[in-house]
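Have a look at target-v5.cif; it's mmCIF, C-alpha atoms and all ligand atoms; chains and numbers go by the auth columns:
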```
data_run
loop_
_atom_site.group_PDB
_atom_site.id
_atom_site.type_symbol
_atom_site.label_atom_id
_atom_site.label_comp_id
_atom_site.label_asym_id
_atom_site.label_seq_id
_atom_site.Cartn_x
_atom_site.Cartn_y
_atom_site.Cartn_z
_atom_site.B_iso_or_equiv
_atom_site.auth_seq_id
_atom_site.auth_asym_id
ATOM 1 C CA MET A 1 0.000 0.000 0.000 0.00 1 A
ATOM 2 C CA GLU A 2 1.158 3.425 -0.767 0.00 2 A
ATOM 3 C CA LYS A 3 2.240 5.595 2.076 0.00 3 A
ATOM 4 C CA ALA A 4 0.533 8.634 3.637 0.00 4 A
ATOM 5 C CA PHE A 5 2.783 11.574 4.487 0.00 5 A
ATOM 6 C CA THR A 6 2.594 13.415 7.795 0.00 6 A
ATOM 7 C CA LEU A 7 3.240 17.143 7.695 0.00 7 A
ATOM 8 C CA VAL A 8 3.426 19.404 10.721 0.00 8 A
ATOM 9 C CA GLN A 9 2.691 23.065 10.118 0.00 9 A
ATOM 10 C CA ILE A 10 4.362 25.413 12.553 0.00 10 A
ATOM 11 C CA THR A 11 3.558 29.034 11.880 0.00 11 A
ATOM 12 C CA ASP A 12 4.100 32.565 13.142 0.00 12 A
ATOM 13 C CA PRO A 13 6.394 31.831 16.089 0.00 13 A
ATOM 14 C CA HIS A 14 7.579 35.486 16.034 0.00 14 A
ATOM 15 C CA LEU A 15 10.899 34.605 17.687 0.00 15 A
ATOM 16 C CA HIS A 16 13.610 36.982 18.821 0.00 16 A
ATOM 17 C CA ALA A 17 17.344 36.514 19.196 0.00 17 A
ATOM 18 C CA SER A 18 16.787 37.061 22.920 0.00 18 A
ATOM 19 C CA SER A 19 14.938 34.461 24.965 0.00 19 A
ATOM 20 C CA GLU A 20 13.096 37.351 26.661 0.00 20 A
ATOM 21 C CA GLY A 21 11.360 38.347 23.417 0.00 21 A
ATOM 22 C CA THR A 22 7.590 38.754 23.373 0.00 22 A
ATOM 23 C CA LEU A 23 4.652 39.375 21.040 0.00 23 A
ATOM 24 C CA LEU A 24 1.742 41.237 22.649 0.00 24 A
ATOM 25 C CA GLY A 25 3.170 40.334 26.045 0.00 25 A
ATOM 26 C CA MET A 26 3.606 36.612 25.403 0.00 26 A
ATOM 27 C CA ASN A 27 7.081 35.069 25.533 0.00 27 A
ATOM 28 C CA THR A 28 7.319 33.561 22.052 0.00 28 A
ATOM 29 C CA GLU A 29 10.271 31.279 22.763 0.00 29 A
ATOM 30 C CA ASP A 30 8.499 29.647 25.713 0.00 30 A
ATOM 31 C CA SER A 31 5.308 29.047 23.713 0.00 31 A
ATOM 32 C CA LEU A 32 7.171 27.587 20.702 0.00 32 A
ATOM 33 C CA LYS A 33 9.087 25.226 22.995 0.00 33 A
ATOM 34 C CA LEU A 34 5.781 24.030 24.482 0.00 34 A
ATOM 35 C CA ILE A 35 4.432 23.467 20.969 0.00 35 A
ATOM 36 C CA VAL A 36 7.481 21.426 19.951 0.00 36 A
ATOM 37 C CA LYS A 37 7.112 19.312 23.087 0.00 37 A
ATOM 38 C CA ARG A 38 3.433 18.796 22.229 0.00 38 A
ATOM 39 C CA VAL A 39 4.300 17.757 18.670 0.00 39 A
ATOM 40 C CA GLN A 40 6.798 15.232 20.050 0.00 40 A
ATOM 41 C CA GLU A 41 4.048 13.775 22.242 0.00 41 A
ATOM 42 C CA GLU A 42 1.407 13.679 19.510 0.00 42 A
ATOM 43 C CA VAL A 43 3.109 12.987 16.179 0.00 43 A
ATOM 44 C CA SER A 44 5.507 10.224 15.298 0.00 44 A
ATOM 45 C CA ASN A 45 7.434 9.998 12.038 0.00 45 A
ATOM 46 C CA ILE A 46 7.056 13.504 10.657 0.00 46 A
ATOM 47 C CA ASP A 47 7.789 13.570 6.926 0.00 47 A
ATOM 48 C CA LEU A 48 8.012 17.345 6.623 0.00 48 A
ATOM 49 C CA ILE A 49 7.763 20.458 8.785 0.00 49 A
ATOM 50 C CA LEU A 50 6.121 23.411 7.043 0.00 50 A
ATOM 51 C CA ALA A 51 7.202 26.668 8.683 0.00 51 A
ATOM 52 C CA THR A 52 4.924 29.232 7.101 0.00 52 A
ATOM 53 C CA GLY A 53 6.430 32.567 8.005 0.00 53 A
ATOM 54 C CA ASP A 54 6.786 35.207 10.697 0.00 54 A
ATOM 55 C CA ILE A 55 9.449 32.925 12.047 0.00 55 A
ATOM 56 C CA ALA A 56 11.190 35.958 13.535 0.00 56 A
ATOM 57 C CA GLN A 57 9.678 39.051 15.102 0.00 57 A
ATOM 58 C CA ASP A 58 13.011 40.917 15.207 0.00 58 A
ATOM 59 C CA SER A 59 14.119 39.480 11.798 0.00 59 A
ATOM 60 C CA SER A 60 17.576 38.692 13.236 0.00 60 A
ATOM 61 C CA VAL A 61 19.925 35.881 12.237 0.00 61 A
ATOM 62 C CA GLY A 62 19.844 34.834 15.903 0.00 62 A
ATOM 63 C CA ALA A 63 16.072 34.351 15.808 0.00 63 A
ATOM 64 C CA TYR A 64 16.361 32.038 12.761 0.00 64 A
ATOM 65 C CA GLU A 65 19.171 30.101 14.420 0.00 65 A
ATOM 66 C CA ASN A 66 16.972 29.763 17.486 0.00 66 A
ATOM 67 C CA PHE A 67 14.089 28.464 15.388 0.00 67 A
ATOM 68 C CA VAL A 68 16.258 25.818 13.731 0.00 68 A
ATOM 69 C CA SER A 69 17.561 24.652 17.096 0.00 69 A
ATOM 70 C CA PHE A 70 14.096 24.637 18.717 0.00 70 A
ATOM 71 C CA VAL A 71 12.542 22.415 16.009 0.00 71 A
ATOM 72 C CA GLU A 72 15.623 20.189 15.744 0.00 72 A
ATOM 73 C CA PRO A 73 14.256 17.700 18.334 0.00 73 A
ATOM 74 C CA LEU A 74 11.475 16.862 15.848 0.00 74 A
ATOM 75 C CA LYS A 75 14.116 15.208 13.632 0.00 75 A
ATOM 76 C CA ALA A 76 12.296 15.978 10.405 0.00 76 A
ATOM 77 C CA PRO A 77 13.114 17.739 7.151 0.00 77 A
ATOM 78 C CA MET A 78 11.821 21.309 7.038 0.00 78 A
ATOM 79 C CA ARG A 79 10.763 23.880 4.477 0.00 79 A
ATOM 80 C CA TRP A 80 10.327 27.510 5.431 0.00 80 A
ATOM 81 C CA ILE A 81 8.962 30.590 3.786 0.00 81 A
ATOM 82 C CA PRO A 82 9.111 34.179 4.986 0.00 82 A
ATOM 83 C CA GLY A 83 6.304 36.252 6.457 0.00 83 A
ATOM 84 C CA ASN A 84 5.933 40.011 6.676 0.00 84 A
ATOM 85 C CA HIS A 85 8.070 40.175 9.815 0.00 85 A
ATOM 86 C CA ASP A 86 10.902 38.151 8.282 0.00 86 A
ATOM 87 C CA ASN A 87 14.145 39.143 6.579 0.00 87 A
ATOM 88 C CA ARG A 88 14.855 37.084 3.457 0.00 88 A
ATOM 89 C CA GLU A 89 18.618 37.691 3.543 0.00 89 A
ATOM 90 C CA ASN A 90 18.954 36.577 7.163 0.00 90 A
ATOM 91 C CA MET A 91 16.822 33.516 6.480 0.00 91 A
ATOM 92 C CA ALA A 92 19.023 32.688 3.486 0.00 92 A
ATOM 93 C CA THR A 93 22.127 33.038 5.672 0.00 93 A
ATOM 94 C CA VAL A 94 20.802 30.502 8.162 0.00 94 A
ATOM 95 C CA ALA A 95 19.425 28.225 5.419 0.00 95 A
ATOM 96 C CA GLN A 96 22.818 27.963 3.697 0.00 96 A
ATOM 97 C CA GLY A 97 23.709 24.340 2.977 0.00 97 A
ATOM 98 C CA THR A 98 20.152 23.155 3.787 0.00 98 A
ATOM 99 C CA ASP A 99 17.039 22.615 1.684 0.00 99 A
ATOM 100 C CA TYR A 100 14.776 24.760 3.897 0.00 100 A
ATOM 101 C CA ALA A 101 14.116 27.182 1.044 0.00 101 A
ATOM 102 C CA ASN A 102 13.299 24.612 -1.666 0.00 102 A
ATOM 103 C CA ALA A 103 10.068 25.641 -3.360 0.00 103 A
ATOM 104 C CA ILE A 104 9.188 22.155 -4.625 0.00 104 A
ATOM 105 C CA THR A 105 9.100 19.020 -2.460 0.00 105 A
ATOM 106 C CA GLU A 106 7.972 15.692 -3.910 0.00 106 A
ATOM 107 C CA LEU A 107 6.446 13.206 -1.476 0.00 107 A
ATOM 108 C CA GLY A 108 5.142 10.097 -3.232 0.00 108 A
ATOM 109 C CA ASN A 109 1.898 11.008 -5.018 0.00 109 A
ATOM 110 C CA TRP A 110 2.165 14.537 -3.648 0.00 110 A
ATOM 111 C CA VAL A 111 4.015 17.743 -4.424 0.00 111 A
ATOM 112 C CA VAL A 112 4.295 20.564 -1.892 0.00 112 A
ATOM 113 C CA VAL A 113 4.815 24.002 -3.442 0.00 113 A
ATOM 114 C CA MET A 114 6.067 26.728 -1.089 0.00 114 A
ATOM 115 C CA LEU A 115 5.780 30.324 -2.315 0.00 115 A
ATOM 116 C CA ASP A 116 7.037 33.663 -1.003 0.00 116 A
ATOM 117 C CA SER A 117 4.129 36.113 -0.606 0.00 117 A
ATOM 118 C CA VAL A 118 6.103 38.900 1.092 0.00 118 A
ATOM 119 C CA VAL A 119 6.155 42.498 -0.114 0.00 119 A
ATOM 120 C CA PRO A 120 9.163 44.072 1.633 0.00 120 A
ATOM 121 C CA LYS A 121 8.214 46.539 4.382 0.00 121 A
ATOM 122 C CA LYS A 122 4.482 45.847 3.938 0.00 122 A
ATOM 123 C CA VAL A 123 2.158 43.880 6.188 0.00 123 A
ATOM 124 C CA TYR A 124 -0.006 42.781 3.254 0.00 124 A
ATOM 125 C CA GLY A 125 1.233 40.214 0.770 0.00 125 A
ATOM 126 C CA SER A 126 1.392 39.614 -2.961 0.00 126 A
ATOM 127 C CA LEU A 127 2.655 36.783 -5.149 0.00 127 A
ATOM 128 C CA ALA A 128 5.334 38.304 -7.374 0.00 128 A
ATOM 129 C CA GLN A 129 5.688 37.170 -10.994 0.00 129 A
ATOM 130 C CA ASP A 130 8.561 34.778 -10.224 0.00 130 A
ATOM 131 C CA GLN A 131 6.419 33.078 -7.571 0.00 131 A
ATOM 132 C CA LEU A 132 3.429 32.799 -9.905 0.00 132 A
ATOM 133 C CA ASP A 133 5.793 31.351 -12.533 0.00 133 A
ATOM 134 C CA THR A 134 7.104 28.767 -10.049 0.00 134 A
ATOM 135 C CA LEU A 135 3.529 27.745 -9.330 0.00 135 A
ATOM 136 C CA LYS A 136 2.563 27.620 -13.025 0.00 136 A
ATOM 137 C CA GLN A 137 5.578 25.461 -13.864 0.00 137 A
ATOM 138 C CA ALA A 138 4.864 23.076 -10.992 0.00 138 A
ATOM 139 C CA LEU A 139 1.232 22.727 -12.024 0.00 139 A
ATOM 140 C CA GLU A 140 2.208 22.063 -15.642 0.00 140 A
ATOM 141 C CA GLN A 141 4.890 19.558 -14.621 0.00 141 A
ATOM 142 C CA PHE A 142 3.032 17.607 -11.941 0.00 142 A
ATOM 143 C CA THR A 143 -0.404 17.030 -13.487 0.00 143 A
ATOM 144 C CA ASP A 144 -0.316 13.399 -12.270 0.00 144 A
ATOM 145 C CA LYS A 145 0.356 14.341 -8.609 0.00 145 A
ATOM 146 C CA TYR A 146 -1.725 15.875 -5.831 0.00 146 A
ATOM 147 C CA ILE A 147 -0.649 19.403 -4.975 0.00 147 A
ATOM 148 C CA LEU A 148 -0.446 21.255 -1.670 0.00 148 A
ATOM 149 C CA ILE A 149 0.403 24.952 -1.950 0.00 149 A
ATOM 150 C CA ALA A 150 1.670 26.991 1.010 0.00 150 A
ATOM 151 C CA PHE A 151 2.570 30.639 1.544 0.00 151 A
ATOM 152 C CA HIS A 152 2.365 33.090 4.440 0.00 152 A
ATOM 153 C CA HIS A 153 -0.483 35.487 3.637 0.00 153 A
ATOM 154 C CA HIS A 154 -4.127 34.402 3.326 0.00 154 A
ATOM 155 C CA PRO A 155 -5.517 34.511 -0.224 0.00 155 A
ATOM 156 C CA VAL A 156 -9.223 34.502 0.757 0.00 156 A
ATOM 157 C CA SER A 157 -11.435 36.516 3.110 0.00 157 A
ATOM 158 C CA MET A 158 -11.274 35.609 6.798 0.00 158 A
ATOM 159 C CA LYS A 159 -14.515 37.576 7.377 0.00 159 A
ATOM 160 C CA SER A 160 -12.471 40.019 9.437 0.00 160 A
ATOM 161 C CA GLN A 161 -12.179 43.549 8.071 0.00 161 A
ATOM 162 C CA TRP A 162 -8.725 44.402 9.401 0.00 162 A
ATOM 163 C CA ILE A 163 -7.248 41.013 8.464 0.00 163 A
ATOM 164 C CA ASP A 164 -8.794 41.038 4.994 0.00 164 A
ATOM 165 C CA LYS A 165 -6.842 44.243 4.274 0.00 165 A
ATOM 166 C CA ILE A 166 -3.512 42.479 4.886 0.00 166 A
ATOM 167 C CA GLY A 167 -3.944 39.337 2.761 0.00 167 A
ATOM 168 C CA VAL A 168 -2.578 38.483 -0.700 0.00 168 A
ATOM 169 C CA LYS A 169 -3.448 41.535 -2.801 0.00 169 A
ATOM 170 C CA ASN A 170 -3.268 39.752 -6.150 0.00 170 A
ATOM 171 C CA SER A 171 -5.302 36.722 -5.169 0.00 171 A
ATOM 172 C CA ASP A 172 -7.260 37.073 -8.444 0.00 172 A
ATOM 173 C CA GLU A 173 -4.068 36.195 -10.368 0.00 173 A
ATOM 174 C CA LEU A 174 -3.595 33.145 -8.163 0.00 174 A
ATOM 175 C CA GLN A 175 -7.220 32.093 -8.740 0.00 175 A
ATOM 176 C CA LYS A 176 -6.756 32.322 -12.508 0.00 176 A
ATOM 177 C CA ILE A 177 -3.679 30.089 -12.392 0.00 177 A
ATOM 178 C CA ILE A 178 -5.176 27.409 -10.166 0.00 178 A
ATOM 179 C CA ALA A 179 -8.658 27.385 -11.717 0.00 179 A
ATOM 180 C CA PRO A 180 -7.974 24.686 -14.382 0.00 180 A
ATOM 181 C CA TYR A 181 -6.361 22.222 -11.940 0.00 181 A
ATOM 182 C CA ASN A 182 -8.444 19.743 -9.990 0.00 182 A
ATOM 183 C CA ASN A 183 -5.364 18.070 -8.460 0.00 183 A
ATOM 184 C CA ILE A 184 -4.745 21.005 -6.064 0.00 184 A
ATOM 185 C CA ARG A 185 -5.970 19.637 -2.750 0.00 185 A
ATOM 186 C CA ALA A 186 -5.325 22.599 -0.434 0.00 186 A
ATOM 187 C CA ILE A 187 -3.818 26.053 -0.129 0.00 187 A
ATOM 188 C CA VAL A 188 -2.325 26.551 3.301 0.00 188 A
ATOM 189 C CA CYS A 189 -1.295 29.799 5.007 0.00 189 A
ATOM 190 C CA GLY A 190 -0.181 31.339 8.284 0.00 190 A
ATOM 191 C CA HIS A 191 -0.349 35.083 9.069 0.00 191 A
ATOM 192 C CA VAL A 192 -3.910 35.191 10.430 0.00 192 A
ATOM 193 C CA HIS A 193 -3.111 33.549 13.808 0.00 193 A
ATOM 194 C CA GLN A 194 -6.323 31.504 13.736 0.00 194 A
ATOM 195 C CA ALA A 195 -7.575 28.167 12.439 0.00 195 A
ATOM 196 C CA SER A 196 -9.815 27.946 9.395 0.00 196 A
ATOM 197 C CA ASP A 197 -10.641 25.306 6.809 0.00 197 A
ATOM 198 C CA VAL A 198 -13.026 26.375 4.031 0.00 198 A
ATOM 199 C CA VAL A 199 -13.850 25.479 0.447 0.00 199 A
ATOM 200 C CA ILE A 200 -14.262 28.427 -1.939 0.00 200 A
ATOM 201 C CA ASN A 201 -14.907 27.939 -5.672 0.00 201 A
ATOM 202 C CA GLY A 202 -13.907 24.293 -5.306 0.00 202 A
ATOM 203 C CA PHE A 203 -10.547 24.959 -3.614 0.00 203 A
ATOM 204 C CA ARG A 204 -9.766 24.182 0.003 0.00 204 A
ATOM 205 C CA TYR A 205 -8.117 26.981 2.018 0.00 205 A
ATOM 206 C CA ILE A 206 -6.582 26.219 5.392 0.00 206 A
ATOM 207 C CA SER A 207 -5.071 28.557 8.003 0.00 207 A
ATOM 208 C CA THR A 208 -3.346 27.628 11.210 0.00 208 A
ATOM 209 C CA PRO A 209 -2.967 29.131 14.693 0.00 209 A
ATOM 210 C CA SER A 210 0.285 30.813 15.622 0.00 210 A
ATOM 211 C CA THR A 211 2.607 29.108 18.074 0.00 211 A
ATOM 212 C CA CYS A 212 2.136 32.259 20.185 0.00 212 A
ATOM 213 C CA VAL A 213 -0.721 34.814 20.402 0.00 213 A
ATOM 214 C CA GLN A 214 -3.982 34.334 18.446 0.00 214 A
ATOM 215 C CA PHE A 215 -6.149 36.916 16.707 0.00 215 A
ATOM 216 C CA LEU A 216 -9.888 37.094 17.263 0.00 216 A
ATOM 217 C CA PRO A 217 -11.730 35.375 14.373 0.00 217 A
ATOM 218 C CA GLU A 218 -14.327 37.342 12.382 0.00 218 A
ATOM 219 C CA SER A 219 -13.481 40.575 14.194 0.00 219 A
ATOM 220 C CA LYS A 220 -13.943 43.908 12.399 0.00 220 A
ATOM 221 C CA ASP A 221 -11.029 45.522 14.234 0.00 221 A
ATOM 222 C CA PHE A 222 -7.771 44.139 15.583 0.00 222 A
ATOM 223 C CA GLY A 223 -8.516 41.843 18.494 0.00 223 A
ATOM 224 C CA ILE A 224 -6.569 39.292 20.539 0.00 224 A
ATOM 225 C CA ASP A 225 -8.070 35.862 21.114 0.00 225 A
ATOM 226 C CA SER A 226 -7.445 34.044 24.384 0.00 226 A
ATOM 227 C CA SER A 227 -7.231 30.595 22.732 0.00 227 A
ATOM 228 C CA GLY A 228 -3.925 28.835 23.208 0.00 228 A
ATOM 229 C CA PRO A 229 -0.856 28.504 20.969 0.00 229 A
ATOM 230 C CA GLY A 230 -1.280 25.810 18.340 0.00 230 A
ATOM 231 C CA TYR A 231 0.019 23.850 15.382 0.00 231 A
ATOM 232 C CA ARG A 232 -1.555 21.730 12.638 0.00 232 A
ATOM 233 C CA THR A 233 -0.944 18.253 11.294 0.00 233 A
ATOM 234 C CA LEU A 234 -1.733 17.550 7.646 0.00 234 A
ATOM 235 C CA THR A 235 -1.812 13.911 6.601 0.00 235 A
ATOM 236 C CA LEU A 236 -1.475 13.622 2.826 0.00 236 A
ATOM 237 C CA ASN A 237 -3.139 10.350 1.847 0.00 237 A
ATOM 238 C CA PRO A 238 -2.252 8.412 -1.302 0.00 238 A
ATOM 239 C CA ASN A 239 -5.813 8.876 -2.626 0.00 239 A
ATOM 240 C CA GLY A 240 -5.447 12.688 -2.562 0.00 240 A
ATOM 241 C CA GLU A 241 -7.412 13.254 0.624 0.00 241 A
ATOM 242 C CA ILE A 242 -6.036 15.355 3.457 0.00 242 A
ATOM 243 C CA ASP A 243 -6.738 14.595 7.106 0.00 243 A
ATOM 244 C CA THR A 244 -5.954 17.578 9.263 0.00 244 A
ATOM 245 C CA HIS A 245 -6.050 18.439 12.937 0.00 245 A
ATOM 246 C CA VAL A 246 -5.227 21.506 15.027 0.00 246 A
ATOM 247 C CA SER A 247 -3.757 20.946 18.457 0.00 247 A
ATOM 248 C CA ARG A 248 -3.485 23.722 21.046 0.00 248 A
ATOM 249 C CA ILE A 249 -1.813 24.232 24.399 0.00 249 A
ATOM 250 C CA GLU A 250 -4.691 24.949 26.777 0.00 250 A
ATOM 251 C CA GLY A 251 -4.638 25.476 30.512 0.00 251 A
ATOM 252 C CA VAL A 252 -1.342 27.360 30.610 0.00 252 A
ATOM 253 C CA ASP A 253 -1.617 30.928 31.894 0.00 253 A
ATOM 254 C CA PHE A 254 0.270 32.742 29.140 0.00 254 A
ATOM 255 C CA LYS A 255 0.872 36.409 29.826 0.00 255 A
ATOM 256 C CA ILE A 256 -0.936 38.443 27.126 0.00 256 A
ATOM 257 C CA ASP A 257 -1.234 42.211 26.907 0.00 257 A
ATOM 258 C CA TYR A 258 -4.832 42.721 25.781 0.00 258 A
ATOM 259 C CA THR A 259 -4.472 46.528 25.740 0.00 259 A
ATOM 260 C CA GLN A 260 -2.453 46.434 22.472 0.00 260 A
ATOM 261 C CA GLN A 261 -4.328 47.747 19.426 0.00 261 A
ATOM 262 C CA GLY A 262 -2.108 46.221 16.728 0.00 262 A
ATOM 263 C CA TYR A 263 0.933 44.074 16.218 0.00 263 A
HETATM 264 FE FE FE B . 2.320 36.520 12.367 0.00 301 A
#
```
Structure re-expressed in structure tokens:
Amino acid sequence: MEKAFTLVQITDPHLHASSEGTLLGMNTEDSLKLIVKRVQEEVSNIDLILATGDIAQDSSVGAYENFVSFVEPLKAPMRWIPGNHDNRENMATVAQGTDYANAITELGNWVVVMLDSVVPKKVYGSLAQDQLDTLKQALEQFTDKYILIAFHHHPVSMKSQWIDKIGVKNSDELQKIIAPYNNIRAIVCGHVHQASDVVINGFRYISTPSTCVQFLPESKDFGIDSSGPGYRTLTLNPNGEIDTHVSRIEGVDFKIDYTQQGY
């Protein structure tokens, strides 16, 4: 029997070089370490870690080095893509000699395509022409495989006015490219610090909680959610189906500064 592949999505850890670093009052190193411990307890034999951006909050080389060392106990290959808080050059420095930045990963019947949706110095995202070309080429090449696409920014509405302003601006171009392909099984993002799993125009869009602070779903204005840090497993089955599950750390009294009006 053909094998299923187990992916673990770890997103938006917002790490700093310093272990004292926080996001909205929460120590992001402590929460990521709890998540990694939880993954170790819950998932065996990880085929791939998907780190979908905002890996660093301070965009320092030290933060990326920290991330690599914190996920090392999971003993799994990793792919990472930047988010709006990240620095591509510093990520490239730390990724030297690794395959973290590979856009295309073949796993049996499946191909994972990782794209860079960052617009430098902007919170919103966009898929630049080279990224759209990478996607087009992959879709043309791998018509006989199931496809999972991942990038940082959300390409569809989260029913949240402030968040919808900071998604992928050129999502219409993405939609045009993917429209003819029925082998695309999901489009996965980070950025929104909340879980969602919806089907729009026949395509499945999945978002995943941050390993630190969460944002309030379906909120008009910026709002912090008290739900715990989380991660997602994605099991890619040989028949093209995806089983997915979000796991959160509950019952830990994380310090959060609810007075903040933005991040
Ligand atoms: Fe983030």
As a quick test: using all atoms listed in the file, which residues lie no more than 10 Å away from ligand FE 301 (chain A)? Give them as a JSON list (two decimals) with C-alpha atoms, in the coordinates of the input.
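Saved to out-v9.json:
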```json
[["chain", "number", "residue", "atom", "x", "y", "z"],
["A", 11, "THR", "CA", 3.56, 29.03, 11.88],
["A", 12, "ASP", "CA", 4.10, 32.56, 13.14],
["A", 13, "PRO", "CA", 6.39, 31.83, 16.09],
["A", 14, "HIS", "CA", 7.58, 35.49, 16.03],
["A", 23, "LEU", "CA", 4.65, 39.38, 21.04],
["A", 52, "THR", "CA", 4.92, 29.23, 7.10],
["A", 53, "GLY", "CA", 6.43, 32.57, 8.01],
["A", 54, "ASP", "CA", 6.79, 35.21, 10.70],
["A", 55, "ILE", "CA", 9.45, 32.92, 12.05],
["A", 56, "ALA", "CA", 11.19, 35.96, 13.54],
["A", 57, "GLN", "CA", 9.68, 39.05, 15.10],
["A", 83, "GLY", "CA", 6.30, 36.25, 6.46],
["A", 84, "ASN", "CA", 5.93, 40.01, 6.68],
["A", 85, "HIS", "CA", 8.07, 40.17, 9.82],
["A", 86, "ASP", "CA", 10.90, 38.15, 8.28],
["A", 123, "VAL", "CA", 2.16, 43.88, 6.19],
["A", 152, "HIS", "CA", 2.37, 33.09, 4.44],
["A", 153, "HIS", "CA", -0.48, 35.49, 3.64],
["A", 190, "GLY", "CA", -0.18, 31.34, 8.28],
["A", 191, "HIS", "CA", -0.35, 35.08, 9.07],
["A", 192, "VAL", "CA", -3.91, 35.19, 10.43],
["A", 193, "HIS", "CA", -3.11, 33.55, 13.81],
["A", 209, "PRO", "CA", -2.97, 29.13, 14.69],
["A", 210, "SER", "CA", 0.28, 30.81, 15.62],
["A", 211, "THR", "CA", 2.61, 29.11, 18.07],
["A", 212, "CYS", "CA", 2.14, 32.26, 20.18],
["A", 213, "VAL", "CA", -0.72, 34.81, 20.40],
["A", 214, "GLN", "CA", -3.98, 34.33, 18.45],
["A", 215, "PHE", "CA", -6.15, 36.92, 16.71],
["A", 263, "TYR", "CA", 0.93, 44.07, 16.22]]
```
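Applied to the shown file, the PyMOL selection byres (((chain A and resi 186) around 8) and not hetatm) selects the residues A:Ile147, A:Leu148, A:Ile149, A:Ile184, A:Arg185, A:Ile187, A:Val188, A:Phe203, A:Arg204, A:Tyr205, A:Ile206.
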- Would you mind listing what lies within 10 Å of A:Leu174 as a count of residues only, with all atoms listed in the file counted and same-chain residues fewer than 6 positions away left out? 7
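Distance-wise, atom CA of A:Trp162 and atom CA of A:Pro120 end up 19.5 Å apart.
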- Task: Determine the residue set returned by the PyMOL selection byres (((chain A and resi 3) around 10) and not hetatm) for the present structure, and present it as number ranges by chain.
- Result: A: 1-2, 4-6, 107-109, 236-239
If you keep C-alpha atoms, can you produce a file of those selected residues as a short mmCIF file (atom, residue, chain, number, x, y, z; two decimals), in the frame of the given file?
```cif
data_model
loop_
_atom_site.label_atom_id
_atom_site.label_comp_id
_atom_site.auth_asym_id
_atom_site.auth_seq_id
_atom_site.Cartn_x
_atom_site.Cartn_y
_atom_site.Cartn_z
CA MET A 1 0.00 0.00 0.00
CA GLU A 2 1.16 3.42 -0.77
CA ALA A 4 0.53 8.63 3.64
CA PHE A 5 2.78 11.57 4.49
CA THR A 6 2.59 13.42 7.80
CA LEU A 107 6.45 13.21 -1.48
CA GLY A 108 5.14 10.10 -3.23
CA ASN A 109 1.90 11.01 -5.02
CA LEU A 236 -1.48 13.62 2.83
CA ASN A 237 -3.14 10.35 1.85
CA PRO A 238 -2.25 8.41 -1.30
CA ASN A 239 -5.81 8.88 -2.63
#
```
Taking the partial coordinates given, rebuild stretch 182-194 of chain A to contain N, CA and C atoms; return it as a short mmCIF file (atom, residue, chain, number, x, y, z; two decimals), keeping the file's coordinate frame.
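Result file is selection.cif:
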```
data_model
loop_
_atom_site.label_atom_id
_atom_site.label_comp_id
_atom_site.auth_asym_id
_atom_site.auth_seq_id
_atom_site.Cartn_x
_atom_site.Cartn_y
_atom_site.Cartn_z
N ASN A 182 -7.66 20.38 -11.06
CA ASN A 182 -8.44 19.74 -9.99
C ASN A 182 -7.58 18.84 -9.11
N ASN A 183 -6.26 18.86 -9.31
CA ASN A 183 -5.36 18.07 -8.46
C ASN A 183 -4.80 18.89 -7.30
N ILE A 184 -5.19 20.18 -7.20
CA ILE A 184 -4.74 21.00 -6.06
C ILE A 184 -5.68 20.70 -4.89
N ARG A 185 -5.12 20.13 -3.84
CA ARG A 185 -5.97 19.64 -2.75
C ARG A 185 -6.11 20.63 -1.60
N ALA A 186 -5.17 21.55 -1.46
CA ALA A 186 -5.32 22.60 -0.43
C ALA A 186 -4.31 23.71 -0.64
N ILE A 187 -4.70 24.89 -0.15
CA ILE A 187 -3.82 26.05 -0.13
C ILE A 187 -3.74 26.46 1.34
N VAL A 188 -2.53 26.43 1.86
CA VAL A 188 -2.33 26.55 3.30
C VAL A 188 -1.56 27.84 3.61
N CYS A 189 -2.00 28.56 4.64
CA CYS A 189 -1.30 29.80 5.01
C CYS A 189 -1.11 29.91 6.51
N GLY A 190 -0.34 30.94 6.88
CA GLY A 190 -0.18 31.34 8.28
C GLY A 190 -0.80 32.73 8.42
N HIS A 191 -0.05 33.65 9.07
CA HIS A 191 -0.35 35.08 9.07
C HIS A 191 -1.57 35.49 9.88
N VAL A 192 -2.66 34.73 9.83
CA VAL A 192 -3.91 35.19 10.43
C VAL A 192 -4.08 34.75 11.89
N HIS A 193 -3.13 33.96 12.40
CA HIS A 193 -3.11 33.55 13.81
C HIS A 193 -4.48 33.00 14.24
N GLN A 194 -5.05 32.15 13.41
CA GLN A 194 -6.32 31.50 13.74
C GLN A 194 -6.51 30.31 12.80
#
```
